>>> print(open('start_28.pdb').read())   # PDB, C-alpha atoms
ATOM      1  CA  MET A   1      70.606 213.813 -76.207
ATOM      2  CA  VAL A   2      73.345 211.210 -76.609
ATOM      3  CA  ASP A   3      73.956 209.754 -80.065
ATOM      4  CA  THR A   4      76.127 206.845 -78.912
ATOM      5  CA  GLY A   5      77.613 205.355 -75.786
ATOM      6  CA  THR A   6      76.377 204.083 -72.457
ATOM      7  CA  ASP A   7      74.812 207.392 -71.340
ATOM      8  CA  ALA A   8      71.850 207.114 -73.736
ATOM      9  CA  GLN A   9      68.443 206.772 -72.051
ATOM     10  CA  ALA A  10      64.867 206.068 -73.117
ATOM     11  CA  THR A  11      61.516 206.035 -71.329
ATOM     12  CA  GLY A  12      58.396 204.169 -72.385
ATOM     13  CA  HIS A  13      54.827 204.186 -71.127
ATOM     14  CA  VAL A  14      52.412 201.269 -71.422
ATOM     15  CA  LYS A  15      48.662 201.420 -70.808
ATOM     16  CA  ALA A  16      47.245 198.021 -69.858
ATOM     17  CA  ALA A  17      43.644 197.379 -70.912
ATOM     18  CA  HIS A  18      43.082 194.285 -68.733
ATOM     19  CA  ARG A  19      43.822 193.256 -65.155
ATOM     20  CA  GLY A  20      46.231 190.509 -64.240
ATOM     21  CA  VAL A  21      49.918 189.771 -64.509
ATOM     22  CA  ARG A  22      51.575 191.122 -67.654
ATOM     23  CA  GLU A  23      55.088 190.395 -68.835
ATOM     24  CA  TYR A  24      57.219 193.032 -70.584
ATOM     25  CA  ARG A  25      60.729 193.154 -71.999
ATOM     26  CA  ALA A  26      62.711 195.936 -73.637
ATOM     27  CA  VAL A  27      64.280 195.674 -77.079
ATOM     28  CA  VAL A  28      67.039 198.064 -78.178
ATOM     29  CA  TYR A  29      67.530 198.736 -81.890
ATOM     30  CA  GLY A  30      70.423 200.620 -83.457
ATOM     31  CA  LEU A  31      71.433 202.003 -86.837
ATOM     32  CA  THR A  32      74.831 201.452 -88.412
ATOM     33  CA  SER A  33      74.851 204.928 -90.017
ATOM     34  CA  PRO A  34      72.743 208.127 -89.942
ATOM     35  CA  ASN A  35      71.206 207.190 -93.324
ATOM     36  CA  ASP A  36      70.515 203.549 -92.398
ATOM     37  CA  SER A  37      66.850 202.591 -92.939
ATOM     38  CA  ARG A  38      67.082 199.106 -91.402
ATOM     39  CA  PRO A  39      67.423 198.988 -87.603
ATOM     40  CA  VAL A  40      69.478 196.139 -86.139
ATOM     41  CA  ARG A  41      68.490 194.522 -82.838
ATOM     42  CA  GLU A  42      71.249 195.321 -80.351
ATOM     43  CA  GLY A  43      69.831 193.554 -77.323
ATOM     44  CA  THR A  44      66.789 192.354 -75.415
ATOM     45  CA  SER A  45      66.190 192.566 -71.670
ATOM     46  CA  GLY A  46      64.915 189.772 -69.517
ATOM     47  CA  PRO A  47      61.177 189.637 -68.833
ATOM     48  CA  VAL A  48      59.655 191.723 -66.036
ATOM     49  CA  LYS A  49      56.277 190.785 -64.551
ATOM     50  CA  VAL A  50      53.860 193.567 -63.612
ATOM     51  CA  ASP A  51      50.619 193.023 -61.668
ATOM     52  CA  VAL A  52      47.952 195.264 -63.241
ATOM     53  CA  ARG A  53      45.025 196.055 -60.922
TER
END
>>> encode(input="start_28.pdb", output="structure tokens")
Amino acid sequence: MVDTGTDAQATGHVKAAHRGVREYRAVVYGLTSPNDSRPVREGTSGPVKVDVR
């Protein structure tokens, strides 16, 4: 596990309920301290289209 830096990684799984083209984007949130209860949006990826069959 990496607390900070560029080596941190995350994996997500999505289960689509309907067929067709879906669009997803990733959002990264961070905390300013270990006791922080309000996440701050650090960045958002561009959209990625996925064809669900």
>>> residues_around(input="start_28.pdb", residues="Val52 (chain A)", least_positions_apart="4", cutoff="7 Å", atoms="all atoms listed in the file", output="JSON, numbers by chain")
{"A": [19, 20, 21]}
>>> atom_distance(input="start_28.pdb", atom1="CA of Val28 (chain A)", atom2="CA of Gly43 (chain A)")
5.4 Å
>>> residues_near_point(input="start_28.pdb", point="(55.7, 200.7, -70.9)", cutoff="10 Å", atoms="only C-alpha atoms", output="JSON, numbers by chain")
{"A": [11, 12, 13, 14, 15, 16, 24, 25, 26]}
>>> residues_around(input="start_28.pdb", residues="Val27 (chain A)", least_positions_apart="4", cutoff="12 Å", atoms="only C-alpha atoms", output="list in words")
Ala10, Gly12, Pro39, Val40, Arg41, Glu42, Gly43, Thr44, Ser45, Gly46 and Pro47 of chain A
>>> axis_aligned_box(input="start_28.pdb", around="region 24-41 of chain A", padding_each_side="6 Å", output="AutoDock Vina command-line options")
--center_x 66.0 --center_y 200.6 --center_z -82.0 --size_x 29.6 --size_y 27.1 --size_z 34.7
>>> atom_distance(input="start_28.pdb", atom1="CA of Val50 (chain A)", atom2="CA of Asp7 (chain A)")
26.3 Å
>>> atom_distance(input="start_28.pdb", atom1="CA of Ala8 (chain A)", atom2="CA of Ser33 (chain A)")
16.7 Å
